[in-house]
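Q: Sharing run10.pdb below, PDB, C-alpha atoms:
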MODEL        1
ATOM      1  CA  MET A   1      42.499  37.969 -51.659
ATOM      2  CA  ALA A   2      40.118  35.272 -50.494
ATOM      3  CA  GLU A   3      36.406  35.208 -51.248
ATOM      4  CA  LEU A   4      34.477  36.500 -48.232
ATOM      5  CA  ILE A   5      31.877  34.004 -47.035
ATOM      6  CA  ASP A   6      28.846  36.130 -46.171
ATOM      7  CA  GLY A   7      27.212  34.400 -43.218
ATOM      8  CA  LYS A   8      24.594  37.109 -42.858
ATOM      9  CA  SER A   9      23.347  36.565 -46.404
ATOM     10  CA  VAL A  10      23.277  32.766 -46.037
ATOM     11  CA  ALA A  11      21.477  33.069 -42.695
ATOM     12  CA  GLU A  12      18.842  35.279 -44.330
ATOM     13  CA  ASP A  13      18.384  32.611 -47.025
ATOM     14  CA  VAL A  14      17.869  29.953 -44.332
ATOM     15  CA  VAL A  15      15.288  32.071 -42.489
ATOM     16  CA  ARG A  16      13.413  32.762 -45.748
ATOM     17  CA  ARG A  17      13.290  29.031 -46.468
ATOM     18  CA  VAL A  18      12.119  28.290 -42.922
ATOM     19  CA  LYS A  19       9.268  30.803 -43.348
ATOM     20  CA  ALA A  20       8.217  29.211 -46.647
ATOM     21  CA  LEU A  21       8.380  25.674 -45.241
ATOM     22  CA  THR A  22       6.412  26.731 -42.157
ATOM     23  CA  ALA A  23       3.618  27.866 -44.479
ATOM     24  CA  GLU A  24       3.851  24.563 -46.412
ATOM     25  CA  LEU A  25       3.591  22.603 -43.165
ATOM     26  CA  ALA A  26       0.322  24.368 -42.347
ATOM     27  CA  GLU A  27      -0.995  23.520 -45.821
ATOM     28  CA  LYS A  28      -0.166  19.844 -45.179
ATOM     29  CA  GLY A  29      -2.148  19.912 -41.946
ATOM     30  CA  GLY A  30       0.841  20.072 -39.634
ATOM     31  CA  ARG A  31       0.937  22.004 -36.394
ATOM     32  CA  GLN A  32       2.583  25.441 -36.238
ATOM     33  CA  PRO A  33       6.219  24.973 -35.095
ATOM     34  CA  GLY A  34       6.720  26.001 -31.482
ATOM     35  CA  LEU A  35       9.948  27.157 -29.840
ATOM     36  CA  ALA A  36      10.317  27.671 -26.088
ATOM     37  CA  VAL A  37      13.310  29.575 -24.756
ATOM     38  CA  VAL A  38      14.142  29.429 -21.048
ATOM     39  CA  ILE A  39      16.493  31.931 -19.445
ATOM     40  CA  VAL A  40      17.483  31.987 -15.778
ATOM     41  CA  GLY A  41      18.979  35.176 -14.379
ATOM     42  CA  GLU A  42      19.725  38.578 -15.850
ATOM     43  CA  ASP A  43      22.985  38.193 -17.774
ATOM     44  CA  PRO A  44      22.850  41.107 -20.279
ATOM     45  CA  ALA A  45      24.446  39.204 -23.181
ATOM     46  CA  SER A  46      22.054  36.288 -22.680
ATOM     47  CA  GLN A  47      19.090  38.651 -22.561
ATOM     48  CA  VAL A  48      20.049  40.169 -25.920
ATOM     49  CA  TYR A  49      20.633  36.743 -27.464
ATOM     50  CA  VAL A  50      17.335  35.330 -26.198
ATOM     51  CA  ALA A  51      15.417  38.373 -27.451
ATOM     52  CA  SER A  52      16.960  37.860 -30.898
ATOM     53  CA  LYS A  53      15.962  34.182 -30.924
ATOM     54  CA  SER A  54      12.379  34.965 -29.934
ATOM     55  CA  ARG A  55      12.141  37.741 -32.526
ATOM     56  CA  THR A  56      13.406  35.477 -35.323
ATOM     57  CA  ALA A  57      11.029  32.687 -34.273
ATOM     58  CA  LYS A  58       8.062  35.033 -34.611
ATOM     59  CA  GLU A  59       9.387  36.230 -37.971
ATOM     60  CA  CYS A  60       9.414  32.606 -39.143
ATOM     61  CA  GLY A  61       5.772  32.165 -38.158
ATOM     62  CA  PHE A  62       6.511  30.025 -35.091
ATOM     63  CA  HIS A  63       4.592  29.825 -31.855
ATOM     64  CA  SER A  64       7.197  31.486 -29.603
ATOM     65  CA  VAL A  65       7.296  31.086 -25.813
ATOM     66  CA  GLN A  66       9.805  32.634 -23.430
ATOM     67  CA  HIS A  67      10.243  31.748 -19.758
ATOM     68  CA  THR A  68      12.323  34.393 -17.990
ATOM     69  CA  LEU A  69      13.135  33.157 -14.491
ATOM     70  CA  PRO A  70      14.899  34.851 -11.570
ATOM     71  CA  ALA A  71      18.511  33.888 -10.820
ATOM     72  CA  GLU A  72      17.454  32.231  -7.542
ATOM     73  CA  THR A  73      15.155  29.743  -9.348
ATOM     74  CA  SER A  74      15.783  26.277  -7.904
ATOM     75  CA  GLU A  75      16.879  23.297  -9.959
ATOM     76  CA  PRO A  76      13.646  21.365  -9.177
ATOM     77  CA  ASP A  77      11.549  24.330 -10.327
ATOM     78  CA  LEU A  78      13.497  24.552 -13.586
ATOM     79  CA  LEU A  79      13.161  20.791 -14.112
ATOM     80  CA  LYS A  80       9.398  21.124 -13.598
ATOM     81  CA  ILE A  81       9.198  23.721 -16.383
ATOM     82  CA  ILE A  82      11.256  21.491 -18.710
ATOM     83  CA  GLY A  83       8.889  18.608 -17.960
ATOM     84  CA  GLN A  84       5.867  20.736 -18.837
ATOM     85  CA  LEU A  85       7.459  21.816 -22.121
ATOM     86  CA  ASN A  86       8.400  18.208 -22.951
ATOM     87  CA  ALA A  87       4.736  17.248 -22.560
ATOM     88  CA  ASP A  88       3.348  20.203 -24.532
ATOM     89  CA  PRO A  89       2.497  19.172 -28.128
ATOM     90  CA  ALA A  90       2.576  22.841 -29.193
ATOM     91  CA  ILE A  91       6.305  22.981 -28.450
ATOM     92  CA  ASN A  92       8.776  21.401 -30.900
ATOM     93  CA  GLY A  93      11.981  22.982 -29.672
ATOM     94  CA  ILE A  94      13.227  23.676 -26.152
ATOM     95  CA  LEU A  95      16.267  25.844 -25.643
ATOM     96  CA  VAL A  96      17.735  26.563 -22.205
ATOM     97  CA  GLN A  97      20.048  29.567 -22.429
ATOM     98  CA  LEU A  98      23.509  28.903 -20.998
ATOM     99  CA  PRO A  99      25.242  29.644 -18.722
ATOM    100  CA  LEU A 100      22.908  28.790 -15.879
ATOM    101  CA  PRO A 101      23.450  29.988 -12.299
ATOM    102  CA  ARG A 102      26.088  27.975 -10.451
ATOM    103  CA  HIS A 103      23.600  26.218  -8.163
ATOM    104  CA  ILE A 104      21.958  24.515 -11.163
ATOM    105  CA  ASP A 105      23.530  21.473 -12.861
ATOM    106  CA  SER A 106      23.535  22.442 -16.559
ATOM    107  CA  GLY A 107      24.249  18.890 -17.697
ATOM    108  CA  LYS A 108      21.293  17.515 -15.774
ATOM    109  CA  ILE A 109      18.984  20.161 -17.240
ATOM    110  CA  ILE A 110      20.132  19.512 -20.820
ATOM    111  CA  GLN A 111      19.712  15.748 -20.487
ATOM    112  CA  THR A 112      16.163  16.252 -19.179
ATOM    113  CA  ILE A 113      15.044  17.899 -22.432
ATOM    114  CA  ALA A 114      13.253  15.399 -24.686
ATOM    115  CA  PRO A 115      15.744  14.423 -27.448
ATOM    116  CA  GLU A 116      13.164  15.125 -30.180
ATOM    117  CA  LYS A 117      12.827  18.702 -28.828
ATOM    118  CA  ASP A 118      16.541  19.234 -28.185
ATOM    119  CA  VAL A 119      17.095  21.788 -30.953
ATOM    120  CA  ASP A 120      20.470  22.765 -29.457
ATOM    121  CA  GLY A 121      21.701  19.225 -30.207
ATOM    122  CA  PHE A 122      23.315  18.709 -26.793
ATOM    123  CA  HIS A 123      21.379  15.650 -25.556
ATOM    124  CA  PHE A 124      23.442  12.467 -25.472
ATOM    125  CA  ILE A 125      21.000  10.764 -27.863
ATOM    126  CA  ASN A 126      21.519  13.472 -30.482
ATOM    127  CA  VAL A 127      25.271  13.435 -29.860
ATOM    128  CA  GLY A 128      25.221   9.667 -30.423
ATOM    129  CA  LYS A 129      23.131   9.935 -33.576
ATOM    130  CA  LEU A 130      25.531  12.476 -35.053
ATOM    131  CA  GLY A 131      28.535  10.365 -34.091
ATOM    132  CA  THR A 132      27.077   7.305 -35.808
ATOM    133  CA  GLY A 133      25.929   9.166 -38.920
ATOM    134  CA  GLU A 134      22.167   9.064 -38.232
ATOM    135  CA  LEU A 135      21.723  12.557 -39.631
ATOM    136  CA  ASP A 136      18.110  12.086 -40.776
ATOM    137  CA  THR A 137      16.851  12.284 -37.193
ATOM    138  CA  ALA A 138      19.772  13.859 -35.304
ATOM    139  CA  PHE A 139      19.673  17.444 -34.115
ATOM    140  CA  VAL A 140      23.089  18.974 -34.700
ATOM    141  CA  PRO A 141      24.392  21.886 -32.578
ATOM    142  CA  CYS A 142      23.552  25.090 -34.401
ATOM    143  CA  THR A 143      27.021  26.617 -34.774
ATOM    144  CA  PRO A 144      28.678  23.605 -36.462
ATOM    145  CA  ALA A 145      25.528  23.006 -38.526
ATOM    146  CA  GLY A 146      25.715  26.591 -39.763
ATOM    147  CA  SER A 147      29.454  26.295 -40.392
ATOM    148  CA  MET A 148      28.837  23.186 -42.485
ATOM    149  CA  LEU A 149      26.281  25.035 -44.577
ATOM    150  CA  LEU A 150      28.809  27.799 -45.240
ATOM    151  CA  ILE A 151      31.403  25.225 -46.305
ATOM    152  CA  GLU A 152      28.895  23.641 -48.701
ATOM    153  CA  ARG A 153      28.097  27.050 -50.210
ATOM    154  CA  VAL A 154      31.775  27.308 -51.196
ATOM    155  CA  ARG A 155      32.758  23.708 -51.868
ATOM    156  CA  GLY A 156      29.437  22.101 -52.773
ATOM    157  CA  LYS A 157      27.878  19.173 -50.937
ATOM    158  CA  ASP A 158      30.412  16.642 -52.234
ATOM    159  CA  LEU A 159      33.434  17.059 -49.962
ATOM    160  CA  SER A 160      34.782  13.558 -50.617
ATOM    161  CA  GLY A 161      38.503  13.184 -50.110
ATOM    162  CA  LEU A 162      39.189  16.705 -48.845
ATOM    163  CA  ASN A 163      41.475  17.117 -45.854
ATOM    164  CA  ALA A 164      39.750  18.909 -42.968
ATOM    165  CA  VAL A 165      41.433  20.127 -39.787
ATOM    166  CA  VAL A 166      39.300  21.282 -36.865
ATOM    167  CA  VAL A 167      41.250  23.288 -34.292
ATOM    168  CA  GLY A 168      39.293  22.863 -31.061
ATOM    169  CA  ARG A 169      37.679  19.849 -29.407
ATOM    170  CA  SER A 170      34.697  21.261 -27.514
ATOM    171  CA  ASN A 171      31.459  19.293 -27.287
ATOM    172  CA  ILE A 172      29.556  22.305 -28.627
ATOM    173  CA  VAL A 173      31.606  23.005 -31.774
ATOM    174  CA  GLY A 174      34.807  21.043 -32.330
ATOM    175  CA  LYS A 175      33.599  17.452 -31.965
ATOM    176  CA  PRO A 176      30.259  17.854 -33.794
ATOM    177  CA  MET A 177      32.024  19.813 -36.550
ATOM    178  CA  ALA A 178      34.465  16.944 -37.027
ATOM    179  CA  ASN A 179      31.607  14.430 -37.153
ATOM    180  CA  LEU A 180      29.767  16.472 -39.795
ATOM    181  CA  LEU A 181      32.884  16.660 -41.950
ATOM    182  CA  LEU A 182      33.492  12.940 -41.478
ATOM    183  CA  ALA A 183      29.907  12.207 -42.560
ATOM    184  CA  ALA A 184      30.627  14.257 -45.699
ATOM    185  CA  ASN A 185      33.558  11.919 -46.500
ATOM    186  CA  CYS A 186      36.353  14.299 -45.539
ATOM    187  CA  THR A 187      39.559  13.024 -43.987
ATOM    188  CA  VAL A 188      39.327  14.714 -40.594
ATOM    189  CA  THR A 189      41.875  15.647 -37.954
ATOM    190  CA  ILE A 190      40.899  17.221 -34.630
ATOM    191  CA  ALA A 191      43.695  19.423 -33.320
ATOM    192  CA  HIS A 192      43.965  21.147 -29.955
ATOM    193  CA  SER A 193      46.312  22.889 -27.533
ATOM    194  CA  ARG A 194      48.517  19.813 -27.138
ATOM    195  CA  THR A 195      48.808  18.993 -30.829
ATOM    196  CA  ARG A 196      52.432  18.803 -31.972
ATOM    197  CA  ASP A 197      53.455  21.224 -34.712
ATOM    198  CA  LEU A 198      49.963  22.632 -35.135
ATOM    199  CA  PRO A 199      50.959  25.131 -37.864
ATOM    200  CA  ALA A 200      52.290  22.335 -40.091
ATOM    201  CA  LEU A 201      49.173  20.228 -39.534
ATOM    202  CA  ALA A 202      46.833  23.151 -40.234
ATOM    203  CA  SER A 203      48.665  23.884 -43.478
ATOM    204  CA  THR A 204      47.565  20.484 -44.872
ATOM    205  CA  ALA A 205      43.878  21.413 -44.618
ATOM    206  CA  ASP A 206      41.640  22.008 -47.605
ATOM    207  CA  ILE A 207      39.040  22.980 -44.983
ATOM    208  CA  LEU A 208      40.329  24.639 -41.817
ATOM    209  CA  VAL A 209      37.898  25.283 -38.950
ATOM    210  CA  ALA A 210      39.136  27.385 -36.023
ATOM    211  CA  ALA A 211      37.084  26.970 -32.841
ATOM    212  CA  VAL A 212      39.616  27.315 -30.045
ATOM    213  CA  GLY A 213      38.681  30.580 -28.320
ATOM    214  CA  ARG A 214      42.067  32.283 -28.662
ATOM    215  CA  PRO A 215      42.193  35.641 -30.456
ATOM    216  CA  GLU A 216      43.954  35.452 -33.846
ATOM    217  CA  MET A 217      45.757  32.235 -32.933
ATOM    218  CA  VAL A 218      45.690  30.853 -36.498
ATOM    219  CA  ARG A 219      48.222  32.820 -38.518
ATOM    220  CA  GLY A 220      48.417  33.363 -42.252
ATOM    221  CA  ASP A 221      51.275  30.885 -42.762
ATOM    222  CA  TRP A 222      49.126  28.145 -41.226
ATOM    223  CA  VAL A 223      46.721  28.344 -44.181
ATOM    224  CA  LYS A 224      47.121  26.179 -47.260
ATOM    225  CA  PRO A 225      46.780  28.242 -50.462
ATOM    226  CA  GLY A 226      43.178  28.050 -51.657
ATOM    227  CA  ALA A 227      41.838  26.567 -48.412
ATOM    228  CA  THR A 228      38.357  27.272 -47.078
ATOM    229  CA  VAL A 229      38.740  28.849 -43.623
ATOM    230  CA  ILE A 230      35.836  28.876 -41.156
ATOM    231  CA  ASP A 231      36.477  31.083 -38.130
ATOM    232  CA  VAL A 232      34.084  30.183 -35.309
ATOM    233  CA  GLY A 233      35.844  32.317 -32.710
ATOM    234  CA  ILE A 234      34.521  35.603 -31.422
ATOM    235  CA  ASN A 235      36.824  37.443 -29.045
ATOM    236  CA  ARG A 236      36.773  41.006 -27.746
ATOM    237  CA  ILE A 237      40.235  42.577 -27.540
ATOM    238  CA  ALA A 238      41.584  46.008 -26.680
ATOM    239  CA  ALA A 239      41.566  48.529 -29.533
ATOM    240  CA  PRO A 240      43.649  51.511 -28.350
ATOM    241  CA  GLU A 241      43.650  52.855 -31.918
ATOM    242  CA  LYS A 242      39.930  53.589 -31.410
ATOM    243  CA  GLY A 243      40.526  55.434 -28.168
ATOM    244  CA  GLU A 244      41.138  54.721 -24.527
ATOM    245  CA  GLY A 245      39.138  51.752 -23.225
ATOM    246  CA  LYS A 246      37.790  50.828 -26.679
ATOM    247  CA  THR A 247      37.565  47.230 -27.920
ATOM    248  CA  ARG A 248      36.970  45.349 -31.152
ATOM    249  CA  LEU A 249      35.852  41.870 -32.159
ATOM    250  CA  VAL A 250      38.261  39.395 -33.730
ATOM    251  CA  GLY A 251      38.094  35.713 -34.503
ATOM    252  CA  ASP A 252      40.473  32.850 -33.794
ATOM    253  CA  VAL A 253      42.114  33.521 -37.179
ATOM    254  CA  ALA A 254      44.410  36.442 -38.002
ATOM    255  CA  PHE A 255      42.055  37.534 -40.765
ATOM    256  CA  ALA A 256      44.247  39.957 -42.749
ATOM    257  CA  GLU A 257      47.060  37.394 -42.973
ATOM    258  CA  ALA A 258      44.872  34.356 -43.656
ATOM    259  CA  ALA A 259      42.828  36.116 -46.337
ATOM    260  CA  LYS A 260      45.955  36.444 -48.482
ATOM    261  CA  ALA A 261      46.331  32.659 -48.704
ATOM    262  CA  ALA A 262      42.806  31.255 -48.339
ATOM    263  CA  GLY A 263      40.439  30.629 -51.217
ATOM    264  CA  ALA A 264      37.476  31.594 -49.056
ATOM    265  CA  ILE A 265      37.185  32.794 -45.466
ATOM    266  CA  THR A 266      34.523  33.855 -42.970
ATOM    267  CA  PRO A 267      34.896  37.326 -41.443
ATOM    268  CA  VAL A 268      34.333  38.152 -37.771
ATOM    269  CA  PRO A 269      31.778  39.511 -37.240
ATOM    270  CA  GLY A 270      29.409  38.576 -40.086
ATOM    271  CA  GLY A 271      30.545  35.036 -40.780
ATOM    272  CA  VAL A 272      29.532  32.083 -38.612
ATOM    273  CA  GLY A 273      27.731  34.196 -35.987
ATOM    274  CA  PRO A 274      24.504  34.936 -37.907
ATOM    275  CA  MET A 275      24.175  31.253 -38.824
ATOM    276  CA  THR A 276      23.618  30.072 -35.256
ATOM    277  CA  ILE A 277      20.125  31.526 -34.788
ATOM    278  CA  ALA A 278      19.177  30.646 -38.379
ATOM    279  CA  MET A 279      20.040  26.981 -37.774
ATOM    280  CA  LEU A 280      18.104  27.019 -34.501
ATOM    281  CA  MET A 281      15.048  27.939 -36.577
ATOM    282  CA  ALA A 282      15.893  25.185 -39.075
ATOM    283  CA  ASN A 283      16.167  22.606 -36.273
ATOM    284  CA  THR A 284      12.834  23.682 -34.757
ATOM    285  CA  LEU A 285      11.172  23.411 -38.155
ATOM    286  CA  ALA A 286      12.708  19.954 -38.646
ATOM    287  CA  SER A 287      11.301  18.851 -35.282
ATOM    288  CA  ALA A 288       7.842  20.037 -36.333
ATOM    289  CA  TYR A 289       8.081  18.148 -39.629
ATOM    290  CA  LEU A 290       9.202  14.949 -37.888
ATOM    291  CA  ALA A 291       6.398  15.324 -35.302
ATOM    292  CA  ALA A 292       3.924  15.519 -38.194
ATOM    293  CA  GLY A 293       5.320  12.301 -39.684
ATOM    294  CA  LEU A 294       6.947  14.156 -42.588
ATOM    295  CA  LYS A 295      10.482  14.007 -43.942
ATOM    296  CA  ARG A 296      12.660  16.733 -42.491
ATOM    297  CA  PRO A 297      13.521  19.477 -44.972
ATOM    298  CA  SER A 298      17.072  20.024 -46.160
ATOM    299  CA  PHE A 299      18.952  23.316 -46.289
TER     300      PHE A 299
ENDMDL
END
Could I get this file's structure written as structure tokens?
A:
Amino acid sequence: MAELIDGKSVAEDVVRRVKALTAELAEKGGRQPGLAVVIVGEDPASQVYVASKSRTAKECGFHSVQHTLPAETSEPDLLKIIGQLNADPAINGILVQLPLPRHIDSGKIIQTIAPEKDVDGFHFINVGKLGTGELDTAFVPCTPAGSMLLIERVRGKDLSGLNAVVVGRSNIVGKPMANLLLAANCTVTIAHSRTRDLPALASTADILVAAVGRPEMVRGDWVKPGATVIDVGINRIAAPEKGEGKTRLVGDVAFAEAAKAAGAITPVPGGVGPMTIAMLMANTLASAYLAAGLKRPSF
């Protein structure tokens, strides 16, 4: 059976390091890192997620601000708040919780965030920096950044010459994941729903990343023996074995099958998921270090 990649443990390591580096920043005369989270509306899942982000920020010693706005908030009013946060030197990271209400243009909001405070890594400037390998100042989306850290925990930082296949081409995970692997000198293929003979292509991967949003799409015979499998998917499916109306969480990989072939694999839940908030803290800390004229810390 494959080695289980414990995302919860790695995420805890990241948060511990962020706390220590926050204290070091204060000793060097830097300003306390500040994270502002903006949520519009009352989506229950978003509320839980935002509360977790704010709680972790406080745990790290950050100045934590939360703007909870009603669903009917206008786009100009939201833009005004973003402008105020851009101008506030106490704020290093600005995160607007998605999805936004339909009357607000999410793309416009994201591109209004100052690139140096875009700790989600969605601004076109950060996308461009990642795509051109300017990783010293780029902010990378948190989920692929966390996935990369998990890969490095298994494979080490030198990934030169390894074949990597990323199944999924989203702007949030698939494309930035491919760019990170390319920057690490992997030979990278991005696969998707129209890829021909996807199982055969996936089976060539030393590193296989599934980020397609389809429950258990990647089967065990898609996995090269000894491969590192990163399952980004999180899907809720019916679980009649638990009782009527019950559900369970699964990834994009058929875990029980894939674990028989893989060298290492992330579980769902407990794999990539915990890394997302941890890397948000790491990005906010990096922004604070850069604002203080210091080299960004590595993780």
Q: How many Å separate atom CA of Pro199 of chain A from atom CA of Trp222 of chain A?
A: 4.9 Å
Q: What does the distance from atom CA of Lys224 of chain A to atom CA of Ala205 of chain A come to in Å, to one decimal?
A: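 According to the coordinates, atom CA of Lys224 of chain A and atom CA of Ala205 of chain A are separated by 6.3 Å.
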Q: If the PyMOL selection byres ((chain A and resi 254) around 9) is run on the structure shown, which residues does it catch, given as a list in words?
A: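 Output from the PyMOL selection byres ((chain A and resi 254) around 9), applied to this file: Pro215, Glu216, Met217, Val218, Arg219, Gly220, Val250, Gly251, Asp252, Val253, Phe255, Ala256, Glu257, Ala258 and Ala259 of chain A.
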Q: Please provide the set of residues having any atom within 10 Å of Pro176 of chain A, restricted to all atoms listed in the file, with same-chain residues fewer than 5 positions apart removed, written as a list in words.
A: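 Contacts, in chain order: Gly121, Phe122, Val127, Leu130, Gly131, Val140, Pro141, Cys142, Thr143, Pro144, Ala145, Arg169, Ser170, Asn171, Leu181 and Leu182 of chain A.
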Q: Have a look at A:Phe139, A:Val18, A:Val272, A:Arg196 and name the one nearest to Glu59 of chain A; count all atoms listed in the file.
A: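 The answer is A:Val18, which sits nearest to Glu59 of chain A.
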Q: A:Lys295, A:Glu116, A:Pro70, A:Ala138: which is nearest Asp43 of chain A, counting only C-alpha atoms?
A: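 Once distances to Asp43 of chain A are computed over only C-alpha atoms, the minimum belongs to A:Pro70.
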Q: What residues come out when you apply the PyMOL selection byres ((chain A and resi 265) around 12) to this file, written as an mmCIF file with C-alpha atoms, in the frame of the given file?
A:
data_model
loop_
_atom_site.group_PDB
_atom_site.id
_atom_site.type_symbol
_atom_site.label_atom_id
_atom_site.label_comp_id
_atom_site.auth_asym_id
_atom_site.auth_seq_id
_atom_site.Cartn_x
_atom_site.Cartn_y
_atom_site.Cartn_z
ATOM 1 C CA MET A 1 42.499 37.969 -51.659
ATOM 2 C CA ALA A 2 40.118 35.272 -50.494
ATOM 3 C CA GLU A 3 36.406 35.208 -51.248
ATOM 4 C CA LEU A 4 34.477 36.500 -48.232
ATOM 5 C CA ILE A 5 31.877 34.004 -47.035
ATOM 6 C CA ASP A 6 28.846 36.130 -46.171
ATOM 7 C CA GLY A 7 27.212 34.400 -43.218
ATOM 8 C CA SER A 147 29.454 26.295 -40.392
ATOM 9 C CA LEU A 150 28.809 27.799 -45.240
ATOM 10 C CA ILE A 151 31.403 25.225 -46.305
ATOM 11 C CA ARG A 153 28.097 27.050 -50.210
ATOM 12 C CA VAL A 154 31.775 27.308 -51.196
ATOM 13 C CA ARG A 155 32.758 23.708 -51.868
ATOM 14 C CA ASP A 206 41.640 22.008 -47.605
ATOM 15 C CA ILE A 207 39.040 22.980 -44.983
ATOM 16 C CA LEU A 208 40.329 24.639 -41.817
ATOM 17 C CA VAL A 209 37.898 25.283 -38.950
ATOM 18 C CA ALA A 210 39.136 27.385 -36.023
ATOM 19 C CA GLY A 220 48.417 33.363 -42.252
ATOM 20 C CA VAL A 223 46.721 28.344 -44.181
ATOM 21 C CA PRO A 225 46.780 28.242 -50.462
ATOM 22 C CA GLY A 226 43.178 28.050 -51.657
ATOM 23 C CA ALA A 227 41.838 26.567 -48.412
ATOM 24 C CA THR A 228 38.357 27.272 -47.078
ATOM 25 C CA VAL A 229 38.740 28.849 -43.623
ATOM 26 C CA ILE A 230 35.836 28.876 -41.156
ATOM 27 C CA ASP A 231 36.477 31.083 -38.130
ATOM 28 C CA VAL A 232 34.084 30.183 -35.309
ATOM 29 C CA GLY A 251 38.094 35.713 -34.503
ATOM 30 C CA VAL A 253 42.114 33.521 -37.179
ATOM 31 C CA ALA A 254 44.410 36.442 -38.002
ATOM 32 C CA PHE A 255 42.055 37.534 -40.765
ATOM 33 C CA ALA A 256 44.247 39.957 -42.749
ATOM 34 C CA GLU A 257 47.060 37.394 -42.973
ATOM 35 C CA ALA A 258 44.872 34.356 -43.656
ATOM 36 C CA ALA A 259 42.828 36.116 -46.337
ATOM 37 C CA LYS A 260 45.955 36.444 -48.482
ATOM 38 C CA ALA A 261 46.331 32.659 -48.704
ATOM 39 C CA ALA A 262 42.806 31.255 -48.339
ATOM 40 C CA GLY A 263 40.439 30.629 -51.217
ATOM 41 C CA ALA A 264 37.476 31.594 -49.056
ATOM 42 C CA THR A 266 34.523 33.855 -42.970
ATOM 43 C CA PRO A 267 34.896 37.326 -41.443
ATOM 44 C CA VAL A 268 34.333 38.152 -37.771
ATOM 45 C CA PRO A 269 31.778 39.511 -37.240
ATOM 46 C CA GLY A 270 29.409 38.576 -40.086
ATOM 47 C CA GLY A 271 30.545 35.036 -40.780
ATOM 48 C CA VAL A 272 29.532 32.083 -38.612
#
Q: Apply the PyMOL selection byres ((chain A and resi 190) around 7) to the displayed file and report the matching residues as a VMD selection string.
A: chain A and resid 165 to 169 178 188 to 189 191 to 192
Q: Atom CA of Gly93 of chain A to atom CA of Ser106 of chain A: how many Å, to one decimal?
A: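 Calculated distance between atom CA of Gly93 of chain A and atom CA of Ser106 of chain A is 17.5 Å.
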Q: Given the point (13.1, 35.7, -17.2) in the coordinates of this file, which residues lie within 10 Å, counting all atoms listed in the file, and how would they look as a list in words?
A: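 Within the cut-off we find Val37, Val38, Ile39, Val40, Gly41, Glu42, Gln47, Val50, Gln66, His67, Thr68, Leu69, Pro70 and Ala71 of chain A.
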Q: Go through A:Asp88, A:Ile234, A:Ser160, A:Glu134 and flag the residue nearest Pro274 of chain A, using only C-alpha atoms for the distances.
A: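 Comparing A:Asp88, A:Ile234, A:Ser160, A:Glu134 against Pro274 of chain A, the winner is A:Ile234.
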Q: Compare A:Ala87, A:Leu201, A:Val173, A:Leu162 by their minimum atom-to-atom distance to Thr187 of chain A, counting only C-alpha atoms, and give me the closest one.
A: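 Counting only C-alpha atoms, the residue closest to Thr187 of chain A is A:Leu162.
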Q: Which residue, A:Ala11, A:Leu249, A:Ala164, A:Met281, has the smallest gap to Lys58 of chain A when you use all atoms listed in the file?
A: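 Of all the options, A:Met281 lies closest to Lys58 of chain A.
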Q: Nearest residue to Lys28 of chain A out of A:Ser46, A:Ile104, A:Thr112, A:Ala288, using all atoms listed in the file?
A: A:Ala288
Q: What's the 10 Å shell around Ala292 of chain A, counting only C-alpha atoms, without same-chain residues fewer than 6 positions away, as a list in words?
A: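 Final neighbour list, sorted by chain and number: Leu25, Lys28, Gly29, Gly30, Arg31 and Ala286 of chain A.
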Q: For Gly83 of chain A, work out the shell of residues within 12 Å, counting only C-alpha atoms and skipping chain neighbours fewer than 5 positions away, then give it as a list in words.
A: Pro76, Asp77, Leu78, Asp88, Ile91, Ile94, Ile109, Ile110, Gln111, Thr112, Ile113, Ala114 and Lys117 of chain A
Q: Would you compute an axis-aligned box for segment 100-114 of chain A, covering every atom listed for it in the file with 6 Å of margin on each side, and report centre and edge lengths in Å to one decimal as AutoDock Vina command-line options?
A:
--center_x 19.7 --center_y 22.7 --center_z -16.4 --size_x 24.8 --size_y 26.6 --size_z 28.5
Q: Name the residues in contact with Ala45 of chain A at a cut-off of 12 Å, using all atoms listed in the file, excluding same-chain residues fewer than 6 positions from it; report them as a list in words.
A: Ile39, Ala51, Ser52, Gln97, Leu98 and Pro99 of chain A
Q: Output segment 55-59 of chain A as a CSV table (one decimal), in the coordinates of the input, making sure N, CA, C and O atoms are there.
A:
chain,number,residue,atom,x,y,z
A,55,ARG,N,12.6,36.9,-31.4
A,55,ARG,CA,12.1,37.7,-32.5
A,55,ARG,C,12.2,37.0,-33.9
A,55,ARG,O,11.3,37.1,-34.7
A,56,THR,N,13.3,36.2,-34.1
A,56,THR,CA,13.4,35.5,-35.3
A,56,THR,C,12.4,34.4,-35.4
A,56,THR,O,11.8,34.1,-36.5
A,57,ALA,N,12.1,33.7,-34.3
A,57,ALA,CA,11.0,32.7,-34.3
A,57,ALA,C,9.7,33.2,-34.7
A,57,ALA,O,9.0,32.6,-35.5
A,58,LYS,N,9.3,34.4,-34.2
A,58,LYS,CA,8.1,35.0,-34.6
A,58,LYS,C,8.1,35.4,-36.1
A,58,LYS,O,7.1,35.3,-36.8
A,59,GLU,N,9.2,35.9,-36.6
A,59,GLU,CA,9.4,36.2,-38.0
A,59,GLU,C,9.2,35.0,-38.9
A,59,GLU,O,8.6,35.1,-40.0
